[in-house]
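J.: Got a structure for you, written out below as structure tokens; questions coming shortly.
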Amino acid sequence: MTSLVPFLLFLHVMGAILAFGPTFAYSIMGAMAGREPQHANFSARQVEAIGNKLVYPLAIFQGVTGVLLIWAASFDLRAAPWLAIGIVLYAIALTYSLTVQRNALHRLIELSSTPPAPGTPPSPEIPATVKKIQRGGMFLGVLIVVIVFLMVVKPTF
């Protein structure tokens with residue numbers, strides 16, 4: 001099965017670039033939406049569409065290609081703690097993004113779908129939800145960077 005390793009590695013690396021690259025642009029989109037609140041709902045819906053059509057499917061694809069790589073290369077996880085740690089962090093990131101982060105984004109879309117009546121201030125829940133999404137994005141960004149570090153450096157413990 002070692003003949004499959006280069007092909008699977010290519011798919012794994014390309015999947016990572018396509019899945020996680022766009023997520024680093026979310027903070028730019030969010031900041032722009034914050035400066036132009038009339039466009040916040042559109043921006044949030046863009047993030048949702050990118051997540052649903054690109055990030056989430058390819059993030060799951062990462063797990064599939066990762067398992068196939070381990071199998072094809074006959075990798076012993078006990079001999080590679082960096083890989084075991086990376087897998088655990090991947091599971092945490094995927095679970096968090098598909099539950100907490102996704103639900104917060106859906107809540108923001110819901111809150112920003114209808115503009116407040118003239119003279120009525122926007123819901124105070126909007127900034128709180130935005131902060132939750134920002135904190136979650138930072139958490140996920142750090143996890144991605146740590147996972148990439150582990151996969152590239154392969155530190156020994």
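How things are named: the first chain in the structure tokens is A, the next is B, and so on; residues count from 1 in each chain; ligands count from 1 in the order shown.
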Please return, as a ChimeraX atom specification, all residues of stretch 106-153 of chain A that DSSP assigns to helix (DSSP H, G or I) on the basis of the backbone.
T.: /A:106-112,125-153
J.: For the selection just defined, write its residues with N, CA and C atoms to a file, as a compact mmCIF listing (two decimals), in the first residue's frame.
T.:
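So out-v7.txt came out as:
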# COMPACT_ATOMS: atom_id res chain seq x y z
N HIS A 106 -25.12 30.72 13.18
CA HIS A 106 -26.55 30.67 12.85
C HIS A 106 -27.35 31.66 13.70
N ARG A 107 -26.96 31.78 14.95
CA ARG A 107 -27.64 32.75 15.83
C ARG A 107 -27.41 34.18 15.35
N LEU A 108 -26.19 34.50 14.93
CA LEU A 108 -25.89 35.83 14.42
C LEU A 108 -26.70 36.11 13.14
N ILE A 109 -26.80 35.13 12.28
CA ILE A 109 -27.59 35.30 11.05
C ILE A 109 -29.05 35.59 11.42
N GLU A 110 -29.56 34.83 12.37
CA GLU A 110 -30.94 35.03 12.82
C GLU A 110 -31.13 36.43 13.43
N LEU A 111 -30.21 36.84 14.28
CA LEU A 111 -30.32 38.14 14.94
C LEU A 111 -30.20 39.31 13.97
N SER A 112 -29.42 39.13 12.92
CA SER A 112 -29.18 40.23 11.99
C SER A 112 -30.06 40.18 10.75
N GLU A 125 -27.65 41.35 22.05
CA GLU A 125 -27.16 39.98 21.87
C GLU A 125 -26.22 39.89 20.65
N ILE A 126 -26.35 40.83 19.72
CA ILE A 126 -25.51 40.79 18.52
C ILE A 126 -24.03 40.93 18.88
N PRO A 127 -23.61 41.99 19.61
CA PRO A 127 -22.18 42.08 19.93
C PRO A 127 -21.68 40.91 20.77
N ALA A 128 -22.52 40.38 21.65
CA ALA A 128 -22.12 39.24 22.47
C ALA A 128 -21.89 38.00 21.59
N THR A 129 -22.76 37.82 20.61
CA THR A 129 -22.62 36.68 19.70
C THR A 129 -21.39 36.85 18.81
N VAL A 130 -21.15 38.08 18.35
CA VAL A 130 -19.96 38.36 17.55
C VAL A 130 -18.71 38.04 18.36
N LYS A 131 -18.66 38.46 19.62
CA LYS A 131 -17.49 38.17 20.48
C LYS A 131 -17.29 36.65 20.63
N LYS A 132 -18.39 35.92 20.79
CA LYS A 132 -18.30 34.47 20.93
C LYS A 132 -17.70 33.86 19.66
N ILE A 133 -18.14 34.35 18.50
CA ILE A 133 -17.62 33.85 17.23
C ILE A 133 -16.14 34.22 17.08
N GLN A 134 -15.77 35.43 17.48
CA GLN A 134 -14.37 35.85 17.40
C GLN A 134 -13.48 34.97 18.29
N ARG A 135 -13.91 34.75 19.52
CA ARG A 135 -13.13 33.90 20.43
C ARG A 135 -13.01 32.48 19.88
N GLY A 136 -14.11 31.96 19.35
CA GLY A 136 -14.07 30.63 18.76
C GLY A 136 -13.15 30.56 17.55
N GLY A 137 -13.17 31.60 16.73
CA GLY A 137 -12.28 31.66 15.57
C GLY A 137 -10.82 31.67 15.97
N MET A 138 -10.50 32.41 17.04
CA MET A 138 -9.11 32.44 17.52
C MET A 138 -8.71 31.07 18.05
N PHE A 139 -9.59 30.44 18.79
CA PHE A 139 -9.34 29.10 19.33
C PHE A 139 -9.08 28.12 18.19
N LEU A 140 -9.94 28.13 17.18
CA LEU A 140 -9.78 27.21 16.05
C LEU A 140 -8.53 27.53 15.25
N GLY A 141 -8.22 28.81 15.09
CA GLY A 141 -7.00 29.20 14.37
C GLY A 141 -5.76 28.68 15.06
N VAL A 142 -5.73 28.80 16.38
CA VAL A 142 -4.58 28.29 17.14
C VAL A 142 -4.48 26.77 16.99
N LEU A 143 -5.62 26.08 17.06
CA LEU A 143 -5.60 24.62 16.90
C LEU A 143 -5.05 24.23 15.52
N ILE A 144 -5.47 24.94 14.48
CA ILE A 144 -4.99 24.63 13.13
C ILE A 144 -3.48 24.83 13.05
N VAL A 145 -2.99 25.93 13.59
CA VAL A 145 -1.55 26.20 13.54
C VAL A 145 -0.78 25.13 14.32
N VAL A 146 -1.27 24.74 15.48
CA VAL A 146 -0.59 23.71 16.27
C VAL A 146 -0.60 22.37 15.52
N ILE A 147 -1.72 22.02 14.92
CA ILE A 147 -1.80 20.76 14.16
C ILE A 147 -0.81 20.78 13.00
N VAL A 148 -0.77 21.88 12.25
CA VAL A 148 0.17 21.96 11.12
C VAL A 148 1.61 21.87 11.64
N PHE A 149 1.90 22.55 12.75
CA PHE A 149 3.24 22.46 13.35
C PHE A 149 3.58 21.01 13.66
N LEU A 150 2.67 20.31 14.32
CA LEU A 150 2.93 18.91 14.66
C LEU A 150 3.16 18.03 13.44
N MET A 151 2.36 18.26 12.39
CA MET A 151 2.47 17.44 11.19
C MET A 151 3.76 17.70 10.42
N VAL A 152 4.24 18.95 10.45
CA VAL A 152 5.43 19.29 9.69
C VAL A 152 6.71 19.02 10.48
N VAL A 153 6.74 19.44 11.75
CA VAL A 153 7.95 19.33 12.56
C VAL A 153 8.13 17.92 13.14
J.: Find, counting only C-alpha atoms, the residue in A:Ala25, A:Thr2, A:Gly51, A:Ser74 that gets nearest to A:Leu98.
T.: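 Residue with the minimum atom-to-atom distance to A:Leu98: A:Gly51.
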J.: Show me, as a ChimeraX atom specification, the residues that have an atom within 12 Å of A:Thr95 when counting only C-alpha atoms, minus same-chain residues fewer than 4 positions from it.
T.: /A:56,59-60,88-91,99-103,136,140
J.: Using only N, CA and C atoms, please write the residues we just selected to a file, as a PDB file, in the first residue's frame.
T.:
ATOM      1  N   TYR A  56     -16.353  22.710   5.879  1.00  0.00           N
ATOM      2  CA  TYR A  56     -16.795  21.527   6.624  1.00  0.00           C
ATOM      3  C   TYR A  56     -16.581  20.227   5.843  1.00  0.00           C
ATOM      4  N   ALA A  59     -12.851  19.593   5.717  1.00  0.00           N
ATOM      5  CA  ALA A  59     -12.310  19.283   7.047  1.00  0.00           C
ATOM      6  C   ALA A  59     -12.575  17.816   7.388  1.00  0.00           C
ATOM      7  N   ILE A  60     -13.739  17.329   7.013  1.00  0.00           N
ATOM      8  CA  ILE A  60     -14.057  15.912   7.225  1.00  0.00           C
ATOM      9  C   ILE A  60     -13.189  15.045   6.302  1.00  0.00           C
ATOM     10  N   VAL A  88      -6.104  14.121  18.104  1.00  0.00           N
ATOM     11  CA  VAL A  88      -6.987  14.577  19.195  1.00  0.00           C
ATOM     12  C   VAL A  88      -7.368  16.047  18.984  1.00  0.00           C
ATOM     13  N   LEU A  89      -6.383  16.877  18.639  1.00  0.00           N
ATOM     14  CA  LEU A  89      -6.670  18.301  18.405  1.00  0.00           C
ATOM     15  C   LEU A  89      -7.599  18.491  17.205  1.00  0.00           C
ATOM     16  N   TYR A  90      -7.413  17.684  16.168  1.00  0.00           N
ATOM     17  CA  TYR A  90      -8.300  17.718  14.999  1.00  0.00           C
ATOM     18  C   TYR A  90      -9.728  17.380  15.420  1.00  0.00           C
ATOM     19  N   ALA A  91      -9.892  16.345  16.225  1.00  0.00           N
ATOM     20  CA  ALA A  91     -11.232  15.955  16.680  1.00  0.00           C
ATOM     21  C   ALA A  91     -11.878  17.071  17.506  1.00  0.00           C
ATOM     22  N   THR A  99     -20.304  22.407  16.070  1.00  0.00           N
ATOM     23  CA  THR A  99     -21.344  22.600  17.098  1.00  0.00           C
ATOM     24  C   THR A  99     -21.347  24.046  17.581  1.00  0.00           C
ATOM     25  N   VAL A 100     -20.437  24.388  18.446  1.00  0.00           N
ATOM     26  CA  VAL A 100     -20.442  25.710  19.090  1.00  0.00           C
ATOM     27  C   VAL A 100     -20.325  26.837  18.067  1.00  0.00           C
ATOM     28  N   GLN A 101     -19.303  26.773  17.223  1.00  0.00           N
ATOM     29  CA  GLN A 101     -19.046  27.872  16.280  1.00  0.00           C
ATOM     30  C   GLN A 101     -20.177  27.991  15.258  1.00  0.00           C
ATOM     31  N   ARG A 102     -20.598  26.873  14.732  1.00  0.00           N
ATOM     32  CA  ARG A 102     -21.675  26.877  13.728  1.00  0.00           C
ATOM     33  C   ARG A 102     -22.977  27.401  14.330  1.00  0.00           C
ATOM     34  N   ASN A 103     -23.298  26.979  15.537  1.00  0.00           N
ATOM     35  CA  ASN A 103     -24.531  27.446  16.187  1.00  0.00           C
ATOM     36  C   ASN A 103     -24.483  28.947  16.465  1.00  0.00           C
ATOM     37  N   GLY A 136     -14.105  31.963  19.352  1.00  0.00           N
ATOM     38  CA  GLY A 136     -14.074  30.629  18.758  1.00  0.00           C
ATOM     39  C   GLY A 136     -13.153  30.564  17.554  1.00  0.00           C
ATOM     40  N   LEU A 140      -9.940  28.130  17.179  1.00  0.00           N
ATOM     41  CA  LEU A 140      -9.783  27.212  16.050  1.00  0.00           C
ATOM     42  C   LEU A 140      -8.529  27.528  15.247  1.00  0.00           C
TER      43      LEU A 140
END
J.: Have a look at A:Pro124, A:Gly119, A:Lys154, A:Leu4 and name the one nearest to A:Ala79; count only C-alpha atoms.
T.: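 Among the listed residues, A:Lys154 lies closest to A:Ala79.
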J.: Quick one: of A:Ser97, A:Ser123, A:Thr65, A:Thr23, who's nearest to A:Gln46, counting only C-alpha atoms?
T.: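 Residue with the minimum atom-to-atom distance to A:Gln46: A:Thr23.
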J.: What lies within 10 Å of A:Gln38 using only C-alpha atoms, ignoring chain neighbours under 5 positions off, as a list in words?
T.: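 The residues satisfying every condition are Ala33, Ser43, Ser112 and Pro115 of chain A.
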J.: Which stretch 40-154 of chain A residues have any atom within 9 Å of an atom of stretch 5-14 of chain A, and for each, what is the nearest pair of atoms with distance in Å to one decimal, counting only C-alpha atoms, rows sorted by chain and number, as a Markdown table?
T.:
| residue | atom | partner | partner_atom | distance |
| --- | --- | --- | --- | --- |
| A:Phe61 | CA | A:His12 | CA | 8.0 |
| A:Gln62 | CA | A:His12 | CA | 5.9 |
| A:Gly63 | CA | A:His12 | CA | 8.7 |
| A:Val64 | CA | A:His12 | CA | 8.7 |
| A:Thr65 | CA | A:His12 | CA | 5.6 |
| A:Gly66 | CA | A:His12 | CA | 6.7 |
| A:Leu68 | CA | A:Leu8 | CA | 7.2 |
| A:Leu69 | CA | A:Leu8 | CA | 6.1 |
| A:Ile70 | CA | A:Val5 | CA | 9.0 |
| A:Ala72 | CA | A:Val5 | CA | 6.1 |
| A:Ala73 | CA | A:Val5 | CA | 6.4 |
J.: Store the residues picked out above, limited to N, CA, C and O atoms, as a PDB file, in the first residue's frame.
T.:
ATOM      1  N   PHE A  61     -12.980  15.514   5.073  1.00  0.00           N
ATOM      2  CA  PHE A  61     -12.099  14.827   4.115  1.00  0.00           C
ATOM      3  C   PHE A  61     -10.691  14.678   4.691  1.00  0.00           C
ATOM      4  O   PHE A  61     -10.022  13.677   4.448  1.00  0.00           O
ATOM      5  N   GLN A  62     -10.247  15.664   5.471  1.00  0.00           N
ATOM      6  CA  GLN A  62      -8.935  15.588   6.129  1.00  0.00           C
ATOM      7  C   GLN A  62      -8.852  14.353   7.014  1.00  0.00           C
ATOM      8  O   GLN A  62      -7.825  13.675   7.039  1.00  0.00           O
ATOM      9  N   GLY A  63      -9.899  14.108   7.754  1.00  0.00           N
ATOM     10  CA  GLY A  63      -9.909  12.928   8.617  1.00  0.00           C
ATOM     11  C   GLY A  63      -9.834  11.643   7.814  1.00  0.00           C
ATOM     12  O   GLY A  63      -9.086  10.717   8.164  1.00  0.00           O
ATOM     13  N   VAL A  64     -10.576  11.593   6.718  1.00  0.00           N
ATOM     14  CA  VAL A  64     -10.590  10.398   5.871  1.00  0.00           C
ATOM     15  C   VAL A  64      -9.206  10.169   5.260  1.00  0.00           C
ATOM     16  O   VAL A  64      -8.653   9.064   5.337  1.00  0.00           O
ATOM     17  N   THR A  65      -8.623  11.215   4.654  1.00  0.00           N
ATOM     18  CA  THR A  65      -7.310  11.035   4.033  1.00  0.00           C
ATOM     19  C   THR A  65      -6.235  10.767   5.086  1.00  0.00           C
ATOM     20  O   THR A  65      -5.294  10.023   4.821  1.00  0.00           O
ATOM     21  N   GLY A  66      -6.395  11.335   6.274  1.00  0.00           N
ATOM     22  CA  GLY A  66      -5.446  11.070   7.351  1.00  0.00           C
ATOM     23  C   GLY A  66      -5.459   9.615   7.775  1.00  0.00           C
ATOM     24  O   GLY A  66      -4.405   8.982   7.923  1.00  0.00           O
ATOM     25  N   LEU A  68      -6.514   7.099   5.963  1.00  0.00           N
ATOM     26  CA  LEU A  68      -5.986   6.319   4.841  1.00  0.00           C
ATOM     27  C   LEU A  68      -4.462   6.392   4.769  1.00  0.00           C
ATOM     28  O   LEU A  68      -3.804   5.389   4.446  1.00  0.00           O
ATOM     29  N   LEU A  69      -3.899   7.560   5.068  1.00  0.00           N
ATOM     30  CA  LEU A  69      -2.436   7.698   5.096  1.00  0.00           C
ATOM     31  C   LEU A  69      -1.818   6.817   6.181  1.00  0.00           C
ATOM     32  O   LEU A  69      -0.808   6.150   5.942  1.00  0.00           O
ATOM     33  N   ILE A  70      -2.419   6.841   7.356  1.00  0.00           N
ATOM     34  CA  ILE A  70      -1.920   6.011   8.463  1.00  0.00           C
ATOM     35  C   ILE A  70      -1.966   4.544   8.062  1.00  0.00           C
ATOM     36  O   ILE A  70      -1.012   3.796   8.269  1.00  0.00           O
ATOM     37  N   ALA A  72      -2.147   3.253   4.862  1.00  0.00           N
ATOM     38  CA  ALA A  72      -1.295   2.952   3.704  1.00  0.00           C
ATOM     39  C   ALA A  72       0.186   2.928   4.081  1.00  0.00           C
ATOM     40  O   ALA A  72       0.961   2.150   3.521  1.00  0.00           O
ATOM     41  N   ALA A  73       0.566   3.779   5.032  1.00  0.00           N
ATOM     42  CA  ALA A  73       1.973   3.839   5.437  1.00  0.00           C
ATOM     43  C   ALA A  73       2.276   2.891   6.596  1.00  0.00           C
ATOM     44  O   ALA A  73       3.417   2.843   7.066  1.00  0.00           O
TER      45      ALA A  73
END
J.: What's the separation between atom CA of A:Thr120 and atom CA of A:Met32, in Å to one decimal place?
T.: 22.9 Å
